[in-house]
Each structure stands twice: as C-alpha cells, then as structure tokens.
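A.B. asks: For reference, the structure I am asking about is given below.
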Amino acid sequence: SAVTPEGSIKYIDMIFSIVSKTLHENRSSESEQRKALSLYMSVLHNCTGQVDSYLPTINDIALGKLGQQVNAENPSTRHVVFQVLGSALYYNPELELAELGKRGVTQQVFQQWIKEIEGMDGWLSQKMTVLGLLSVLRLPTAVLPHNVGAMIPDIISAAVKLAAKMKEDVEKGQKDDDAAIEPEAGDDDDGWEGFGEDEDVTSPNDEAYVSAL
C-alpha cells in the first residue's frame, strides 16, 4: 500500500483509479484509453486467482467502452476491449461468463467478437482472442450457460481458424516474436498532441504512487 494525504491505498486500487479516470476524462484520446484498458490485462495475467473481486469493475468499464465503440469505423478500441475480455476468460472462465450473464450480454459479446476476428490484424488481439475463446472449453458442460453451450461449435471454429491464420503469418515472417506488441491501427494519434504541461491532472494519490515508484 501507498500512504497518501487521505490515508493508505492499495497499489491495485491506484491502477483501477487510473483506468477509470482515463476512460471518463473527456480530453483523453482513444489511444490513451486503449493503453489504460491494457492495465487490466496486466493485472489479470499477473495476479492469477487474486483479483476475483475486481472482475465486476473490469467488466463494467470494458463493456461500457465496447458499447460506445460498437459502430465505430476504427475497430482498434473494440479489439483492445476483446483483449481484456479474453484475459478475463483466461483468468477465470466461470467467473467471467457469470459477469457477462449478469449483464445479459453474453451472446451479443461473443457474436460481436467472432464477427471482429476477420479484421483483427494485431498479434496481441489475435492471441488473446484464441486464448480467451478456448478458455471456455476448460469448463465442464454442466456449468456452461446454455447460450454459451449452443455457441461452442462457432467458438471452436473461430478460434481454430484464427490460430491457423496466426501460424501462417508467422511462417511467412509477417509477425514479430511474441514479446513484440505492435500498436493497433490508429494508435499513432496523428494530429493530437496530448495535454499541455499546464493541463496535467494530478491528485495526491497519483503523486504518492509516483513517489512510491
């Protein structure tokens, strides 16, 4: 935990605060919001079994952003949302499906996800899509929601086709090593210069976090 003027705060809560502020700040660019969302992925992959209680917040933010971007011409933000959802399924498929089910969006999310695959060129988006979709198969049939069970053939087909495409791309030398994460299309934010130095938004919590580092 870090000590702030308001008291002690967990580092993970600082991370979630940063993501929330960025997603709700009108001046944040789409690129900044995508980078903020990627912090959820870091948490999910590095805190296995330790952040179950944070899944509702992750879904609230990620699905809210997906709803805003569902018809956007540039798919980059949607693809990052699917990276987050794929990470959540990989983290704990049963809990993540329960979160989608509580919101009544399970079928819509999977249908949109599978629809996006054809235009999904980013290596990380492809990887997390395959891992996320196939994580559903880790669950016994008895605990699968009915609407998900009915989609299993489509889920397997989409994941296998995408994995085959990734393999072909690697063999053709079109992808870098797994450690290299390339930006999605539109991440350069041409024409947007970010906040001016006199526009930085700071808070005691943020400053405490930087000091702690």
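Chain labels follow the order of the structure tokens: the first chain is A, the next B, and so on; residue numbering restarts at 1 in every chain, and ligands are counted from 1 in their shown order.
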Contacts of Ile114 of chain A at 12 Å or less, counting only C-alpha atoms, minus same-chain residues fewer than 4 places along, as a PDB file with N, CA and C atoms, in the first residue's frame?

C.D. replies:
```pdb
ATOM      1  N   HIS A  79     -11.024  -3.915 -30.344  1.00  0.00           N
ATOM      2  CA  HIS A  79     -10.078  -5.026 -30.266  1.00  0.00           C
ATOM      3  C   HIS A  79      -9.365  -5.058 -28.920  1.00  0.00           C
ATOM      4  N   PHE A  82     -11.665  -6.568 -26.436  1.00  0.00           N
ATOM      5  CA  PHE A  82     -11.681  -8.026 -26.548  1.00  0.00           C
ATOM      6  C   PHE A  82     -10.407  -8.648 -25.993  1.00  0.00           C
ATOM      7  N   GLN A 107     -24.357 -13.500 -25.233  1.00  0.00           N
ATOM      8  CA  GLN A 107     -24.477 -13.856 -26.645  1.00  0.00           C
ATOM      9  C   GLN A 107     -24.043 -12.712 -27.554  1.00  0.00           C
ATOM     10  N   GLN A 108     -24.450 -11.485 -27.197  1.00  0.00           N
ATOM     11  CA  GLN A 108     -24.078 -10.334 -28.022  1.00  0.00           C
ATOM     12  C   GLN A 108     -22.569 -10.153 -28.073  1.00  0.00           C
ATOM     13  N   VAL A 109     -21.901 -10.330 -26.924  1.00  0.00           N
ATOM     14  CA  VAL A 109     -20.451 -10.145 -26.865  1.00  0.00           C
ATOM     15  C   VAL A 109     -19.741 -11.184 -27.731  1.00  0.00           C
ATOM     16  N   PHE A 110     -20.120 -12.445 -27.589  1.00  0.00           N
ATOM     17  CA  PHE A 110     -19.460 -13.493 -28.371  1.00  0.00           C
ATOM     18  C   PHE A 110     -19.736 -13.334 -29.869  1.00  0.00           C
ATOM     19  N   GLU A 118     -12.231 -11.480 -38.379  1.00  0.00           N
ATOM     20  CA  GLU A 118     -11.728 -11.394 -39.751  1.00  0.00           C
ATOM     21  C   GLU A 118     -10.849 -10.166 -39.969  1.00  0.00           C
ATOM     22  N   GLY A 119     -11.177  -9.061 -39.316  1.00  0.00           N
ATOM     23  CA  GLY A 119     -10.401  -7.840 -39.494  1.00  0.00           C
ATOM     24  C   GLY A 119      -9.414  -7.586 -38.370  1.00  0.00           C
ATOM     25  N   MET A 120      -9.160  -8.588 -37.559  1.00  0.00           N
ATOM     26  CA  MET A 120      -8.286  -8.445 -36.398  1.00  0.00           C
ATOM     27  C   MET A 120      -6.852  -8.789 -36.804  1.00  0.00           C
ATOM     28  N   GLN A 126      -5.200 -11.090 -31.619  1.00  0.00           N
ATOM     29  CA  GLN A 126      -5.409 -12.459 -32.102  1.00  0.00           C
ATOM     30  C   GLN A 126      -5.097 -13.473 -31.002  1.00  0.00           C
ATOM     31  N   THR A 129      -7.643 -13.439 -28.234  1.00  0.00           N
ATOM     32  CA  THR A 129      -8.910 -13.982 -28.718  1.00  0.00           C
ATOM     33  C   THR A 129      -8.879 -15.502 -28.694  1.00  0.00           C
ATOM     34  N   VAL A 130      -7.803 -16.095 -29.207  1.00  0.00           N
ATOM     35  CA  VAL A 130      -7.684 -17.555 -29.197  1.00  0.00           C
ATOM     36  C   VAL A 130      -7.680 -18.087 -27.764  1.00  0.00           C
ATOM     37  N   GLY A 132      -8.729 -16.622 -25.004  1.00  0.00           N
ATOM     38  CA  GLY A 132      -9.985 -16.342 -24.314  1.00  0.00           C
ATOM     39  C   GLY A 132     -11.107 -17.256 -24.752  1.00  0.00           C
ATOM     40  N   LEU A 133     -11.284 -17.390 -26.067  1.00  0.00           N
ATOM     41  CA  LEU A 133     -12.368 -18.235 -26.574  1.00  0.00           C
ATOM     42  C   LEU A 133     -12.183 -19.688 -26.148  1.00  0.00           C
ATOM     43  N   MET A 151     -23.189 -22.051 -28.539  1.00  0.00           N
ATOM     44  CA  MET A 151     -22.251 -21.373 -29.422  1.00  0.00           C
ATOM     45  C   MET A 151     -20.894 -22.071 -29.515  1.00  0.00           C
ATOM     46  N   ILE A 152     -20.711 -23.167 -28.798  1.00  0.00           N
ATOM     47  CA  ILE A 152     -19.421 -23.851 -28.763  1.00  0.00           C
ATOM     48  C   ILE A 152     -18.890 -24.187 -30.162  1.00  0.00           C
ATOM     49  N   PRO A 153     -19.715 -24.723 -31.063  1.00  0.00           N
ATOM     50  CA  PRO A 153     -19.176 -25.008 -32.406  1.00  0.00           C
ATOM     51  C   PRO A 153     -18.628 -23.757 -33.094  1.00  0.00           C
ATOM     52  N   ASP A 154     -19.335 -22.625 -32.978  1.00  0.00           N
ATOM     53  CA  ASP A 154     -18.864 -21.380 -33.585  1.00  0.00           C
ATOM     54  C   ASP A 154     -17.595 -20.876 -32.896  1.00  0.00           C
ATOM     55  N   ILE A 155     -17.536 -21.026 -31.585  1.00  0.00           N
ATOM     56  CA  ILE A 155     -16.371 -20.578 -30.828  1.00  0.00           C
ATOM     57  C   ILE A 155     -15.134 -21.386 -31.226  1.00  0.00           C
ATOM     58  N   ILE A 156     -15.287 -22.708 -31.297  1.00  0.00           N
ATOM     59  CA  ILE A 156     -14.157 -23.560 -31.680  1.00  0.00           C
ATOM     60  C   ILE A 156     -13.717 -23.255 -33.108  1.00  0.00           C
ATOM     61  N   SER A 157     -14.681 -23.142 -33.997  1.00  0.00           N
ATOM     62  CA  SER A 157     -14.358 -22.869 -35.405  1.00  0.00           C
ATOM     63  C   SER A 157     -13.605 -21.555 -35.557  1.00  0.00           C
ATOM     64  N   ALA A 158     -14.078 -20.510 -34.891  1.00  0.00           N
ATOM     65  CA  ALA A 158     -13.438 -19.194 -34.993  1.00  0.00           C
ATOM     66  C   ALA A 158     -12.022 -19.228 -34.422  1.00  0.00           C
ATOM     67  N   ALA A 159     -11.853 -19.873 -33.263  1.00  0.00           N
ATOM     68  CA  ALA A 159     -10.539 -19.928 -32.623  1.00  0.00           C
ATOM     69  C   ALA A 159      -9.545 -20.744 -33.450  1.00  0.00           C
ATOM     70  N   VAL A 160      -9.996 -21.864 -33.996  1.00  0.00           N
ATOM     71  CA  VAL A 160      -9.101 -22.713 -34.789  1.00  0.00           C
ATOM     72  C   VAL A 160      -8.682 -21.998 -36.069  1.00  0.00           C
ATOM     73  N   LYS A 161      -9.623 -21.339 -36.731  1.00  0.00           N
ATOM     74  CA  LYS A 161      -9.291 -20.613 -37.960  1.00  0.00           C
ATOM     75  C   LYS A 161      -8.311 -19.479 -37.680  1.00  0.00           C
ATOM     76  N   LEU A 162      -8.515 -18.768 -36.570  1.00  0.00           N
ATOM     77  CA  LEU A 162      -7.629 -17.667 -36.232  1.00  0.00           C
ATOM     78  C   LEU A 162      -6.235 -18.187 -35.872  1.00  0.00           C
TER      79      LEU A 162
END
```

A.B. asks: For Met41 of chain A, please output as a list in words all residues within 8 Å (counting only C-alpha atoms; exclusion window: fewer than 6 positions along the same chain).

C.D. replies: Gln83, Val84, Ser87 and Ala88 of chain A

A.B. asks: If you measure from atom CA of Pro75 of chain A to atom CA of His45 of chain A, what distance in Å do you get, rounded to one decimal?

C.D. replies: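 Going from atom CA of Pro75 of chain A over to atom CA of His45 of chain A, I get 23.7 Å.
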
A.B. asks: So how many Å separate atom CA of Gln50 of chain A and atom CA of Tyr91 of chain A, to one decimal?

C.D. replies: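 Separating atom CA of Gln50 of chain A from atom CA of Tyr91 of chain A is a distance of 9.9 Å.
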
A.B. asks: Write out as a ChimeraX atom specification each polymer residue whose atoms come within 8 Å of Leu39 of chain A, counting only C-alpha atoms; drop sequence neighbours fewer than 4 positions from it.

C.D. replies: /A:15,19,35,43

A.B. asks: Limited to all heavy atoms, could you put the picked residues into a file as an mmCIF file, in the first residue's frame?

C.D. replies:
```cif
data_model
loop_
_atom_site.group_PDB
_atom_site.id
_atom_site.type_symbol
_atom_site.label_atom_id
_atom_site.label_comp_id
_atom_site.auth_asym_id
_atom_site.auth_seq_id
_atom_site.Cartn_x
_atom_site.Cartn_y
_atom_site.Cartn_z
ATOM 1 N N ILE A 15 -4.230 1.580 -9.617
ATOM 2 C CA ILE A 15 -4.299 1.196 -11.031
ATOM 3 C C ILE A 15 -5.724 1.338 -11.544
ATOM 4 O O ILE A 15 -5.969 1.919 -12.621
ATOM 5 C CB ILE A 15 -3.797 -0.242 -11.223
ATOM 6 C CG1 ILE A 15 -2.299 -0.324 -10.949
ATOM 7 C CG2 ILE A 15 -4.099 -0.744 -12.630
ATOM 8 C CD1 ILE A 15 -1.747 -1.743 -10.938
ATOM 9 N N VAL A 19 -7.249 3.858 -14.538
ATOM 10 C CA VAL A 19 -8.042 3.422 -15.692
ATOM 11 C C VAL A 19 -9.376 4.157 -15.738
ATOM 12 O O VAL A 19 -9.790 4.678 -16.778
ATOM 13 C CB VAL A 19 -8.281 1.896 -15.656
ATOM 14 C CG1 VAL A 19 -9.167 1.470 -16.829
ATOM 15 C CG2 VAL A 19 -6.963 1.134 -15.697
ATOM 16 N N LYS A 35 -4.625 2.282 -24.003
ATOM 17 C CA LYS A 35 -3.474 1.972 -23.152
ATOM 18 C C LYS A 35 -3.904 1.790 -21.698
ATOM 19 O O LYS A 35 -3.377 0.927 -20.981
ATOM 20 C CB LYS A 35 -2.416 3.073 -23.270
ATOM 21 C CG LYS A 35 -1.716 3.084 -24.630
ATOM 22 C CD LYS A 35 -0.724 4.229 -24.734
ATOM 23 C CE LYS A 35 0.088 4.155 -26.030
ATOM 24 N NZ LYS A 35 -0.740 4.356 -27.226
ATOM 25 N N VAL A 43 -2.989 -6.758 -14.830
ATOM 26 C CA VAL A 43 -3.482 -7.225 -13.535
ATOM 27 C C VAL A 43 -3.970 -8.669 -13.638
ATOM 28 O O VAL A 43 -3.609 -9.528 -12.822
ATOM 29 C CB VAL A 43 -4.617 -6.314 -13.028
ATOM 30 C CG1 VAL A 43 -5.297 -6.933 -11.807
ATOM 31 C CG2 VAL A 43 -4.077 -4.933 -12.675
#
```

A.B. asks: For Leu23 of chain A, find every residue with an atom within 9 Å (counting only C-alpha atoms), except residues of its own chain fewer than 3 positions away, and show them as a PyMOL selection string.

C.D. replies: chain A and resi 18-20+26+28+30+32-34+36-37+61+65

A.B. asks: With N, CA, C and O atoms kept, could you save the residues just selected as a compact mmCIF listing (two decimals), in the first residue's frame?

C.D. replies:
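In the end it all went to result-v5.txt:
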```
# COMPACT_ATOMS: atom_id res chain seq x y z
N ILE A 18 -6.64 4.93 -12.00
CA ILE A 18 -6.04 5.50 -13.21
C ILE A 18 -6.86 5.14 -14.44
O ILE A 18 -7.15 5.98 -15.29
N VAL A 19 -7.25 3.86 -14.54
CA VAL A 19 -8.04 3.42 -15.69
C VAL A 19 -9.38 4.16 -15.74
O VAL A 19 -9.79 4.68 -16.78
N SER A 20 -10.05 4.21 -14.60
CA SER A 20 -11.36 4.86 -14.54
C SER A 20 -11.27 6.33 -14.92
O SER A 20 -12.08 6.85 -15.70
N ASN A 26 -12.86 13.44 -20.62
CA ASN A 26 -13.24 13.81 -21.99
C ASN A 26 -12.05 14.16 -22.88
O ASN A 26 -12.11 14.01 -24.09
N SER A 28 -9.17 12.68 -22.85
CA SER A 28 -8.35 11.52 -23.17
C SER A 28 -8.60 11.08 -24.61
O SER A 28 -9.74 10.97 -25.05
N GLU A 30 -8.50 8.30 -27.78
CA GLU A 30 -8.83 6.88 -27.84
C GLU A 30 -7.59 6.03 -27.58
O GLU A 30 -7.65 4.98 -26.96
N GLU A 32 -5.04 6.79 -25.65
CA GLU A 32 -4.78 6.79 -24.21
C GLU A 32 -5.75 5.86 -23.49
O GLU A 32 -5.37 5.16 -22.54
N GLN A 33 -6.98 5.84 -23.93
CA GLN A 33 -7.96 4.96 -23.30
C GLN A 33 -7.64 3.50 -23.56
O GLN A 33 -7.80 2.65 -22.69
N ARG A 34 -7.15 3.20 -24.77
CA ARG A 34 -6.75 1.82 -25.06
C ARG A 34 -5.58 1.39 -24.17
O ARG A 34 -5.54 0.27 -23.65
N ALA A 36 -4.87 2.59 -21.26
CA ALA A 36 -5.37 2.43 -19.89
C ALA A 36 -6.05 1.08 -19.72
O ALA A 36 -5.83 0.38 -18.72
N LEU A 37 -6.86 0.69 -20.69
CA LEU A 37 -7.54 -0.60 -20.61
C LEU A 37 -6.55 -1.75 -20.53
O LEU A 37 -6.81 -2.78 -19.89
N ILE A 61 -16.34 -1.34 -16.89
CA ILE A 61 -15.60 -0.37 -17.69
C ILE A 61 -15.42 -0.86 -19.12
O ILE A 61 -15.68 -0.13 -20.09
N LYS A 65 -17.23 0.59 -22.56
CA LYS A 65 -16.47 1.13 -23.69
C LYS A 65 -16.82 0.41 -24.97
O LYS A 65 -16.92 1.03 -26.04
```

A.B. asks: Neighbouring residues of segment 93-99 of chain A were defined as those with any atom within 8 Å, considering only C-alpha atoms; residues of the same chain fewer than 2 positions away were excluded. Please report them as a list in words.

C.D. replies: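 Once the adjacent positions are removed, what remains is Asp52, Leu55, Pro56, Asn59, Ala88, Leu89, Tyr90, Tyr91, Gly101, Lys102, Arg103, Thr106, Ser135, Val136, Arg138, Leu139, Val143, Leu144 and Pro145 of chain A.
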